[in-house]
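Undergrad: Below is data_30.txt; it holds compact mmCIF, C-alpha atoms.
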```txt
# COMPACT_ATOMS: atom_id res chain seq x y z
CA MET A 883 92.49 92.20 123.37
CA PRO A 884 92.17 95.68 124.91
CA ALA A 885 91.46 97.25 121.54
CA LYS A 886 89.62 100.30 122.78
CA ASP A 887 92.46 101.31 125.08
CA VAL A 888 95.11 101.43 122.38
CA PRO A 889 95.73 104.85 120.80
CA ASP A 890 95.19 104.98 117.06
CA ILE A 891 98.71 106.25 116.57
CA VAL A 892 99.99 103.01 118.11
CA VAL A 893 97.73 100.93 115.86
CA SER A 894 99.05 102.87 112.86
CA ARG A 895 102.58 101.60 113.55
CA LEU A 896 101.68 97.90 113.88
CA PRO A 897 101.46 97.28 110.10
CA LEU A 898 104.95 98.80 109.73
CA TYR A 899 106.28 96.37 112.34
CA LEU A 900 104.49 93.50 110.62
CA ARG A 901 105.91 94.38 107.21
CA ALA A 902 109.46 94.68 108.56
CA LEU A 903 109.16 91.39 110.46
CA SER A 904 107.81 89.62 107.38
CA PHE A 905 110.79 90.83 105.35
CA LEU A 906 113.17 89.68 108.07
CA ALA A 907 111.49 86.27 108.30
CA GLU A 908 111.78 85.88 104.51
CA GLU A 909 115.48 86.66 104.78
CA GLY A 910 115.75 83.79 107.24
CA LEU A 911 116.42 85.82 110.37
CA GLN A 912 115.05 84.48 113.63
CA VAL A 913 115.59 87.11 116.32
CA ILE A 914 115.76 90.90 116.31
CA SER A 915 116.23 93.44 119.08
CA SER A 916 113.97 96.47 119.43
CA LYS A 917 117.10 98.53 118.72
CA GLU A 918 117.75 96.85 115.36
CA LEU A 919 114.07 96.95 114.42
CA GLY A 920 113.91 100.59 115.43
CA HIS A 921 116.94 101.39 113.30
CA LYS A 922 115.29 99.76 110.26
CA LEU A 923 112.07 101.69 110.76
CA GLY A 924 113.31 105.03 112.02
CA ILE A 925 111.30 104.57 115.21
CA SER A 926 112.91 104.60 118.66
CA PRO A 927 113.37 101.21 120.38
CA ALA A 928 111.55 102.57 123.44
CA GLN A 929 108.57 103.46 121.26
CA ILE A 930 108.48 99.98 119.74
CA ARG A 931 108.64 98.30 123.16
CA LYS A 932 105.92 100.60 124.47
CA ASP A 933 103.69 100.04 121.44
CA LEU A 934 103.96 96.26 121.71
CA SER A 935 103.45 96.27 125.47
CA HIS A 936 99.82 97.23 124.82
CA PHE A 937 99.28 93.70 123.51
CA GLY A 938 101.35 91.52 125.81
CA GLU A 939 104.92 90.36 126.39
CA PHE A 940 106.69 89.55 123.13
CA GLY A 941 110.34 89.51 124.11
CA LYS A 942 112.62 89.13 127.09
CA GLN A 943 115.00 91.86 128.14
CA GLY A 944 118.29 91.26 126.37
CA THR A 945 117.22 88.43 124.07
CA GLY A 946 115.25 90.33 121.45
CA TYR A 947 112.04 89.33 119.68
CA ASN A 948 111.41 85.98 118.02
CA ILE A 949 110.64 87.29 114.54
CA GLN A 950 108.22 84.60 113.41
CA TYR A 951 106.30 84.58 116.69
CA LEU A 952 105.95 88.36 116.79
CA ARG A 953 104.94 88.43 113.12
CA ASP A 954 102.22 85.84 113.76
CA GLN A 955 100.97 87.72 116.82
CA LEU A 956 100.80 90.97 114.87
CA ARG A 957 98.83 89.22 112.12
CA ARG A 958 96.41 88.04 114.77
CA ILE A 959 96.16 91.46 116.40
CA LEU A 960 95.60 93.13 113.01
CA LYS A 961 93.12 90.39 112.06
CA VAL A 962 94.89 89.45 108.83
CA THR A 963 95.56 85.77 109.56
CA GLU A 964 93.16 84.90 106.75
CA GLU A 965 92.53 86.60 103.44
CA ARG A 966 89.71 89.11 103.43
CA GLU A 967 87.68 89.97 100.37
CA VAL A 968 87.97 93.51 99.09
CA ALA A 969 85.59 95.35 96.75
CA LEU A 970 87.33 97.65 94.28
CA VAL A 971 85.38 100.54 92.81
CA GLY A 972 86.86 102.07 89.68
CA ALA A 973 88.25 100.10 86.75
CA GLY A 974 90.23 102.97 85.21
CA ASP A 975 94.01 103.19 85.05
CA LEU A 976 94.42 103.06 88.81
CA GLY A 977 91.84 100.31 89.26
CA ARG A 978 93.61 98.17 86.67
CA ALA A 979 96.92 98.75 88.41
CA LEU A 980 95.34 97.59 91.67
CA MET A 981 93.88 94.48 90.02
CA HIS A 982 97.44 93.50 89.03
CA TYR A 983 99.08 94.64 92.25
CA GLY A 984 101.41 92.00 93.60
CA GLY A 985 101.54 93.33 97.13
CA PHE A 986 98.23 92.00 98.49
CA ALA A 987 99.05 88.30 98.35
CA GLY A 988 99.76 86.74 101.70
CA ARG A 989 99.12 89.95 103.57
CA GLY A 990 95.43 89.51 104.30
CA PHE A 991 93.61 90.89 101.26
CA ARG A 992 92.22 89.79 97.94
CA ILE A 993 90.23 91.90 95.50
CA SER A 994 87.14 89.85 94.72
CA LEU A 995 84.68 92.33 93.17
CA VAL A 996 85.30 95.21 90.77
CA PHE A 997 82.75 97.92 89.97
CA ASP A 998 82.67 100.71 87.43
CA ASN A 999 79.97 103.05 86.14
CA ASN A 1000 81.16 103.11 82.52
CA PRO A 1001 78.61 101.22 80.36
CA GLN A 1002 81.42 100.19 78.01
CA LYS A 1003 83.24 98.46 80.85
CA ILE A 1004 80.30 96.92 82.70
CA GLY A 1005 80.03 93.22 81.88
CA GLN A 1006 83.51 93.12 80.33
CA LYS A 1007 86.27 90.91 81.68
CA MET A 1008 89.52 92.44 82.94
CA GLY A 1009 91.87 89.63 83.80
CA PRO A 1010 89.96 87.40 86.22
CA PHE A 1011 87.38 90.09 87.00
CA GLU A 1012 84.04 90.79 85.41
CA ILE A 1013 83.32 94.47 85.80
CA LEU A 1014 80.10 95.02 87.72
CA ASP A 1015 77.77 98.00 87.54
CA SER A 1016 78.44 100.58 90.28
CA GLU A 1017 74.66 100.85 90.63
CA SER A 1018 74.71 97.38 92.18
CA ILE A 1019 77.35 98.09 94.84
CA GLU A 1020 74.76 98.31 97.57
CA THR A 1021 73.17 94.91 96.91
CA ILE A 1022 76.15 92.83 95.77
CA VAL A 1023 78.62 94.01 98.42
CA ALA A 1024 75.99 93.54 101.13
CA ASP A 1025 75.11 90.04 99.85
CA ARG A 1026 78.75 89.00 99.94
CA GLY A 1027 79.23 90.49 103.39
CA ILE A 1028 82.33 92.37 102.26
CA GLU A 1029 83.62 94.84 104.83
CA ILE A 1030 86.58 96.36 103.00
CA ALA A 1031 86.62 98.50 99.86
CA ILE A 1032 89.11 100.43 97.77
CA VAL A 1033 87.88 103.57 96.02
CA ALA A 1034 89.76 104.38 92.81
CA VAL A 1035 87.33 106.76 91.11
CA PRO A 1036 87.67 110.45 90.17
CA ALA A 1037 87.34 112.93 93.04
CA GLU A 1038 83.90 114.10 91.94
CA ALA A 1039 82.46 110.56 92.17
CA ALA A 1040 84.14 109.50 95.41
CA GLN A 1041 81.54 110.64 97.95
CA GLU A 1042 78.68 108.96 96.10
CA VAL A 1043 80.61 105.69 95.87
CA VAL A 1044 81.55 105.87 99.54
CA ASP A 1045 77.90 106.43 100.48
CA ALA A 1046 76.87 103.31 98.55
CA LEU A 1047 79.64 101.27 100.17
CA VAL A 1048 78.59 102.43 103.62
CA ARG A 1049 74.98 101.47 102.90
CA ALA A 1050 76.28 98.04 101.82
CA GLY A 1051 77.86 97.57 105.24
CA VAL A 1052 81.49 98.33 104.39
CA LYS A 1053 83.46 99.32 107.47
CA ALA A 1054 86.91 100.07 106.06
CA ILE A 1055 87.57 102.20 102.98
CA LEU A 1056 90.87 102.96 101.33
CA ASN A 1057 90.40 106.09 99.26
CA TYR A 1058 92.73 107.01 96.40
CA ALA A 1059 90.66 109.98 95.25
CA PRO A 1060 92.23 113.30 96.24
CA ILE A 1061 89.25 114.34 98.35
CA THR A 1062 88.19 113.96 101.97
CA VAL A 1063 85.00 111.91 102.22
CA LYS A 1064 82.39 111.89 104.95
CA VAL A 1065 81.45 108.63 106.64
CA PRO A 1066 79.33 107.81 109.67
CA GLU A 1067 80.92 106.88 112.97
CA GLY A 1068 82.23 103.32 112.99
CA VAL A 1069 83.38 103.42 109.37
CA HIS A 1070 87.13 103.85 108.87
CA VAL A 1071 88.72 105.68 105.99
CA GLN A 1072 92.36 105.80 105.02
CA TYR A 1073 93.81 107.87 102.22
CA ILE A 1074 96.54 107.11 99.74
CA ASP A 1075 98.09 110.48 99.15
CA PRO A 1076 101.42 110.48 97.33
CA VAL A 1077 101.99 114.14 98.20
CA ILE A 1078 102.20 113.33 101.92
CA HIS A 1079 105.10 110.99 101.17
CA LEU A 1080 106.78 113.41 98.77
CA GLN A 1081 106.60 116.30 101.25
CA ARG A 1082 108.11 114.12 103.91
CA MET A 1083 111.19 113.86 101.70
CA THR A 1084 111.42 117.42 100.36
CA TYR A 1085 112.02 118.49 103.95
CA TYR A 1086 115.47 116.94 103.63
CA LEU A 1087 116.36 118.35 100.20
CA MET B 1497 116.12 125.77 110.57
CA PRO B 1498 117.53 123.09 112.90
CA ALA B 1499 116.74 120.31 110.42
CA LYS B 1500 119.18 117.77 111.70
CA ASP B 1501 117.84 117.95 115.24
CA VAL B 1502 114.27 117.08 114.33
CA PRO B 1503 113.32 113.39 114.59
CA ASP B 1504 112.08 111.86 111.37
CA ILE B 1505 108.86 110.82 113.06
CA VAL B 1506 108.12 114.51 113.71
CA VAL B 1507 108.89 115.38 110.09
CA SER B 1508 106.52 112.62 108.98
CA ARG B 1509 103.61 114.38 110.69
CA LEU B 1510 104.21 117.82 109.20
CA PRO B 1511 102.62 116.98 105.81
CA LEU B 1512 99.52 115.78 107.68
CA TYR B 1513 99.31 119.10 109.51
CA LEU B 1514 99.83 120.96 106.24
CA ARG B 1515 97.08 119.01 104.45
CA ALA B 1516 94.60 119.58 107.28
CA LEU B 1517 95.42 123.29 107.49
CA SER B 1518 95.06 123.67 103.71
CA PHE B 1519 91.59 122.09 103.89
CA LEU B 1520 90.63 124.38 106.77
CA ALA B 1521 91.91 127.43 104.92
CA GLU B 1522 89.88 126.44 101.85
CA GLU B 1523 86.81 126.17 104.05
CA GLY B 1524 87.44 129.76 105.12
CA LEU B 1525 88.48 129.08 108.71
CA GLN B 1526 91.06 131.40 110.22
CA VAL B 1527 92.04 130.00 113.61
CA ILE B 1528 92.26 126.52 115.08
CA SER B 1529 93.36 125.22 118.46
CA SER B 1530 95.79 122.33 118.82
CA LYS B 1531 92.90 120.47 120.44
CA GLU B 1532 90.62 120.83 117.40
CA LEU B 1533 93.45 120.05 114.98
CA GLY B 1534 94.39 117.03 117.07
CA HIS B 1535 90.81 115.81 117.04
CA LYS B 1536 90.72 116.04 113.23
CA LEU B 1537 93.96 114.12 112.86
CA GLY B 1538 93.77 111.61 115.67
CA ILE B 1539 96.96 113.05 117.16
CA SER B 1540 97.14 114.42 120.69
CA PRO B 1541 97.20 118.23 121.04
CA ALA B 1542 100.35 117.93 123.19
CA GLN B 1543 102.07 116.05 120.37
CA ILE B 1544 101.11 118.70 117.84
CA ARG B 1545 102.39 121.51 120.06
CA LYS B 1546 105.62 119.63 120.71
CA ASP B 1547 106.13 118.82 117.01
CA LEU B 1548 105.64 122.43 115.97
CA SER B 1549 107.83 123.76 118.79
CA HIS B 1550 110.84 122.31 116.92
CA PHE B 1551 110.36 125.03 114.33
CA GLY B 1552 109.39 128.08 116.34
CA GLU B 1553 106.42 129.72 118.00
CA PHE B 1554 103.27 129.42 115.91
CA GLY B 1555 100.49 130.15 118.36
CA LYS B 1556 99.84 131.85 121.66
CA GLN B 1557 98.48 129.94 124.63
CA GLY B 1558 94.72 130.11 124.50
CA THR B 1559 94.33 131.77 121.11
CA GLY B 1560 95.02 128.86 118.75
CA TYR B 1561 96.95 128.85 115.51
CA ASN B 1562 96.44 131.27 112.65
CA ILE B 1563 95.62 128.72 109.94
CA GLN B 1564 96.98 130.57 106.95
CA TYR B 1565 100.18 131.60 108.71
CA LEU B 1566 100.90 128.11 110.01
CA ARG B 1567 100.11 126.62 106.60
CA ASP B 1568 102.56 129.00 104.92
CA GLN B 1569 105.23 128.26 107.51
CA LEU B 1570 104.79 124.51 107.04
CA ARG B 1571 105.10 124.95 103.28
CA ARG B 1572 108.35 126.79 103.86
CA ILE B 1573 109.63 124.17 106.34
CA LEU B 1574 108.73 121.34 103.94
CA LYS B 1575 110.23 123.31 101.03
CA VAL B 1576 107.11 123.15 98.88
CA THR B 1577 106.51 126.88 98.44
CA GLU B 1578 107.28 126.43 94.74
CA GLU B 1579 106.45 123.56 92.40
CA ARG B 1580 109.17 120.99 92.01
CA GLU B 1581 109.65 118.88 88.91
CA VAL B 1582 109.12 115.16 89.31
CA ALA B 1583 110.31 112.37 87.01
CA LEU B 1584 107.87 109.49 86.65
CA VAL B 1585 109.18 106.10 85.63
CA GLY B 1586 106.58 103.67 84.35
CA ALA B 1587 103.81 104.54 81.88
CA GLY B 1588 101.63 101.51 82.61
CA ASP B 1589 98.24 101.61 84.32
CA LEU B 1590 99.59 103.16 87.49
CA GLY B 1591 101.82 105.61 85.64
CA ARG B 1592 98.86 106.79 83.58
CA ALA B 1593 96.80 107.22 86.73
CA LEU B 1594 99.58 109.35 88.22
CA MET B 1595 99.83 111.48 85.05
CA HIS B 1596 96.14 112.35 85.53
CA TYR B 1597 96.27 112.64 89.31
CA GLY B 1598 94.59 115.80 90.50
CA GLY B 1599 96.24 115.88 93.91
CA PHE B 1600 99.65 117.29 93.00
CA ALA B 1601 98.52 120.75 91.91
CA GLY B 1602 99.26 123.50 94.37
CA ARG B 1603 101.01 121.15 96.76
CA GLY B 1604 104.54 121.46 95.51
CA PHE B 1605 104.89 118.91 92.70
CA ARG B 1606 104.50 118.58 88.96
CA ILE B 1607 105.32 115.54 86.86
CA SER B 1608 107.50 116.85 84.05
CA LEU B 1609 109.18 113.76 82.58
CA VAL B 1610 107.80 110.27 81.98
CA PHE B 1611 109.95 107.24 81.17
CA ASP B 1612 109.13 103.69 80.11
CA ASN B 1613 111.14 100.81 78.67
CA ASN B 1614 108.42 99.53 76.33
CA PRO B 1615 109.50 100.24 72.70
CA GLN B 1616 105.84 100.57 71.73
CA LYS B 1617 105.39 103.39 74.23
CA ILE B 1618 108.68 105.24 73.79
CA GLY B 1619 108.19 108.33 71.64
CA GLN B 1620 104.40 108.17 71.95
CA LYS B 1621 102.36 110.96 73.50
CA MET B 1622 100.23 110.33 76.58
CA GLY B 1623 98.29 113.49 77.31
CA PRO B 1624 100.88 116.25 77.56
CA PHE B 1625 103.76 113.80 78.01
CA GLU B 1626 106.05 112.27 75.45
CA ILE B 1627 107.21 108.93 76.79
CA LEU B 1628 110.99 108.82 77.06
CA ASP B 1629 113.24 105.78 76.94
CA SER B 1630 114.15 104.48 80.41
CA GLU B 1631 117.66 104.00 79.07
CA SER B 1632 118.01 107.79 79.05
CA ILE B 1633 116.97 108.35 82.69
CA GLU B 1634 120.53 108.93 83.78
CA THR B 1635 121.32 111.66 81.25
CA ILE B 1636 117.98 113.45 80.94
CA VAL B 1637 117.12 113.58 84.65
CA ALA B 1638 120.64 114.75 85.46
CA ASP B 1639 120.50 117.43 82.74
CA ARG B 1640 117.24 118.77 84.10
CA GLY B 1641 118.55 118.70 87.66
CA ILE B 1642 115.45 116.84 88.86
CA GLU B 1643 115.74 115.64 92.44
CA ILE B 1644 112.42 113.82 92.87
CA ALA B 1645 111.13 110.70 91.15
CA ILE B 1646 108.15 108.38 91.30
CA VAL B 1647 108.73 104.72 90.49
CA ALA B 1648 105.68 102.96 89.07
CA VAL B 1649 107.26 99.91 87.45
CA PRO B 1650 106.86 96.19 88.21
CA ALA B 1651 108.72 94.91 91.29
CA GLU B 1652 111.36 93.11 89.25
CA ALA B 1653 112.39 96.32 87.47
CA ALA B 1654 112.31 98.66 90.45
CA GLN B 1655 115.88 98.31 91.74
CA GLU B 1656 117.40 98.90 88.32
CA VAL B 1657 115.28 102.02 87.82
CA VAL B 1658 116.16 103.30 91.28
CA ASP B 1659 119.87 102.78 90.57
CA ALA B 1660 119.59 104.84 87.38
CA LEU B 1661 117.70 107.59 89.21
CA VAL B 1662 120.32 107.70 91.93
CA ARG B 1663 123.09 107.98 89.35
CA ALA B 1664 121.13 110.87 87.81
CA GLY B 1665 121.26 112.71 91.12
CA VAL B 1666 117.72 112.05 92.38
CA LYS B 1667 117.50 112.46 96.16
CA ALA B 1668 113.88 111.56 96.87
CA ILE B 1669 112.08 108.52 95.46
CA LEU B 1670 108.47 107.53 95.92
CA ASN B 1671 108.24 103.81 95.19
CA TYR B 1672 104.94 102.13 94.29
CA ALA B 1673 106.52 98.76 93.51
CA PRO B 1674 105.91 96.20 96.26
CA ILE B 1675 109.60 95.72 96.97
CA THR B 1676 112.17 97.32 99.26
CA VAL B 1677 114.89 99.01 97.26
CA LYS B 1678 118.46 99.80 98.25
CA VAL B 1679 119.76 103.35 97.98
CA PRO B 1680 122.95 105.01 99.14
CA GLU B 1681 122.98 107.25 102.21
CA GLY B 1682 121.50 110.66 101.52
CA VAL B 1683 118.81 109.35 99.16
CA HIS B 1684 115.33 109.12 100.63
CA VAL B 1685 112.76 106.51 99.71
CA GLN B 1686 109.11 106.39 100.64
CA TYR B 1687 106.75 103.56 99.82
CA ILE B 1688 103.12 103.62 98.78
CA ASP B 1689 101.80 100.41 100.25
CA PRO B 1690 98.00 100.07 100.31
CA VAL B 1691 98.24 97.05 102.62
CA ILE B 1692 99.70 99.18 105.42
CA HIS B 1693 96.58 101.34 105.28
CA LEU B 1694 94.21 98.38 105.01
CA GLN B 1695 95.76 96.61 108.00
CA ARG B 1696 95.47 99.76 110.03
CA MET B 1697 91.71 99.48 109.59
CA THR B 1698 91.23 95.70 109.92
CA TYR B 1699 92.44 96.10 113.49
CA TYR B 1700 89.09 97.74 114.23
CA LEU B 1701 86.87 95.25 112.41
```
Before anything else, please render the file you have as C-alpha cells.

TA:
Amino acid sequence: MPAKDVPDIVVSRLPLYLRALSFLAEEGLQVISSKELGHKLGISPAQIRKDLSHFGEFGKQGTGYNIQYLRDQLRRILKVTEEREVALVGAGDLGRALMHYGGFAGRGFRISLVFDNNPQKIGQKMGPFEILDSESIETIVADRGIEIAIVAVPAEAAQEVVDALVRAGVKAILNYAPITVKVPEGVHVQYIDPVIHLQRMTYYL
Amino acid sequence: MPAKDVPDIVVSRLPLYLRALSFLAEEGLQVISSKELGHKLGISPAQIRKDLSHFGEFGKQGTGYNIQYLRDQLRRILKVTEEREVALVGAGDLGRALMHYGGFAGRGFRISLVFDNNPQKIGQKMGPFEILDSESIETIVADRGIEIAIVAVPAEAAQEVVDALVRAGVKAILNYAPITVKVPEGVHVQYIDPVIHLQRMTYYL
C-alpha cells in the first residue's frame, strides 16, 4: 500500500466513505455510483474516484462500486478489520459518556482501559471498567501494547496526560480537551471540537 | 457574499483556518504565509489561497496574511462575530460535559437552554442551567428564536428530538448520537463521530 504517497487530506476522507458504505450495506444496497455516493457526502464524484484511485481499482466505468467489497477494502486500508484496544483517560462526565458510547462497536475500536487521577474514582468500578490511576498510564498502557488513546480530561491536564501516553508508546490520540497539545513526530493527534462543526453550519444561517 | 457559489467542502475548511489564526493571534503573531498556514493544517498553500479567494483578497503576493484581519474576516464570513444561543438536548453524561465545555467561549456560541426527558432531572438545576422538559422544546426554542441545537441523547431518541427542534425553527443541529437523522431541506446537520477521527489515524499505524 503506497501509504506515504497519499496526501493526508485524502486519508481524512476515507473514514467518511467507509461510514457511508457501511450504512448503505446495512440498508441492503449492493452497488452505488460515485455520483450517488458524492451526493450523499457532499463531495464531488471526481474527487471520490481520484481519492480511491490511490489504492487501486474499485469500480468499472458505468457500473458503480460494489458496496460490500469497497467497504471491506476501506476497512483493510484503514486497518480496522479487527478491533483495536483504546485507553481512555478521564472518567468525568465526558469519559462516562464515551464508556457508554454505542458508536465504537464493529468499527474497529474498543475501550479497554480507563484512567483518572481522582483518588475517589481510582479503584472504583464504572460499568465494566475499573478506574485505574493516571499515574500508572505509562506502565500499564505500555505493558498492554495499546497504541490508541482518547483524552477526556480538563484542558489544564491534557498536555501532561498526552506526555505520559506518548512515553507509553501510544501513536494515535483523540483529544477532547479544548487545547492544542504537543507531540513528537510520528504521533498523531486528532481533535474533537464541536465549534468547528457549529461554525460550518452558521455560515449558512 | 456569494454564499451559494461556494462549495461546501470549501466552507468546511474555513473554521479550521479560523481556529488556527485565532491560536496564532493569541501567540502574538501578526503575519503568516499560506505556506506556513498550510504546513500547520496539513492543507496545501494553493488550496488555502483558492479557498479564501472565494471571499475576496486577503493577502498580497509575497507578504502573507495579516492574521488578525483574516481572523476577523473569517468570523464575519462564518457569522460568529457575536455569540449565538444554543439549545442543548440531553442532560446525561455527555450533556453535562458540554455544559462545562470551555471551548465555546469567544468562538460564537453559548448554551442557553438545556432539555431532558427524565422526570427526575426536569426542574433541577445543573450549574447555571435549569433542566427543561423535552416536551417543551417546540414552544420554548421557537419563542426564543434559537436556530442552533446540540443533540446529546441516546440514538433511539435522536430522531424524535431532531423533529421537535426542526418544528421549533432550528436550522443547524450538531448531533452526537451515533445515528443518521433525517431533516428537511434547509436544515443543516453535523455529526460528532469519534470513530471518523480514530480511523483517520489508524491508517498510519

Undergrad: Find the residues around Lys1617 in chain B up to 12 Å (all atoms listed in the file counted), leave out those fewer than 6 positions away in its own chain, and share them as a list in words.

TA: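 My reading of the contact set: Gly1586, Ala1587, Gly1588, Arg1592, Val1610, Phe1611, Phe1625, Glu1626, Ile1627, Leu1628, Asp1629 and Ser1630 of chain B.
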
Undergrad: Compute the set of chain B residues within 7 Å of chain A, using all atoms listed in the file, and express it as a ChimeraX atom specification.

TA: /B:1504,1507-1508,1511-1512,1538,1573-1575,1589-1590,1592-1593,1598-1600,1668,1670,1674,1684,1686,1691-1699

Undergrad: Which neighbours of Glu909 in chain A fall inside 12 Å, counting all atoms listed in the file, when residues of the same chain fewer than 6 positions from it are skipped, and could you give them as a list in words?

TA: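 Counting only the stated atoms, we get Ala902, Leu903, Ile949 and Gln950 of chain A.
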
Undergrad: Could you please determine the separation between CA of Lys922 in chain A and CA of Leu906 in chain A in Å, to one decimal place?

TA: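 CA of Leu906 in chain A lies at a distance of 10.5 Å from CA of Lys922 in chain A.
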
Undergrad: Nearest residue to Ile930 in chain A out of A:Ser915, A:Leu970, A:Glu1017, A:Arg1026, using all atoms listed in the file?

TA: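 Once distances to Ile930 in chain A are computed over all atoms listed in the file, the minimum belongs to A:Ser915.
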
Undergrad: Between CA of Ser904 in chain A and CA of Leu952 in chain A, what distance in Å does the model show, to one decimal?

TA: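 Taking CA of Ser904 in chain A as the start and CA of Leu952 in chain A as the end point, the length is 9.7 Å.
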
Undergrad: Can you measure CA of Pro1615 in chain B to CA of Lys1007 in chain A for me? One decimal in Å is fine.

TA: 26.6 Å

Undergrad: Rank nothing, just name the residue among B:Pro1541, B:Ser1608, B:Val1677, B:Thr1577 nearest to Gly1623 in chain B, using only C-alpha atoms.

TA: B:Ser1608
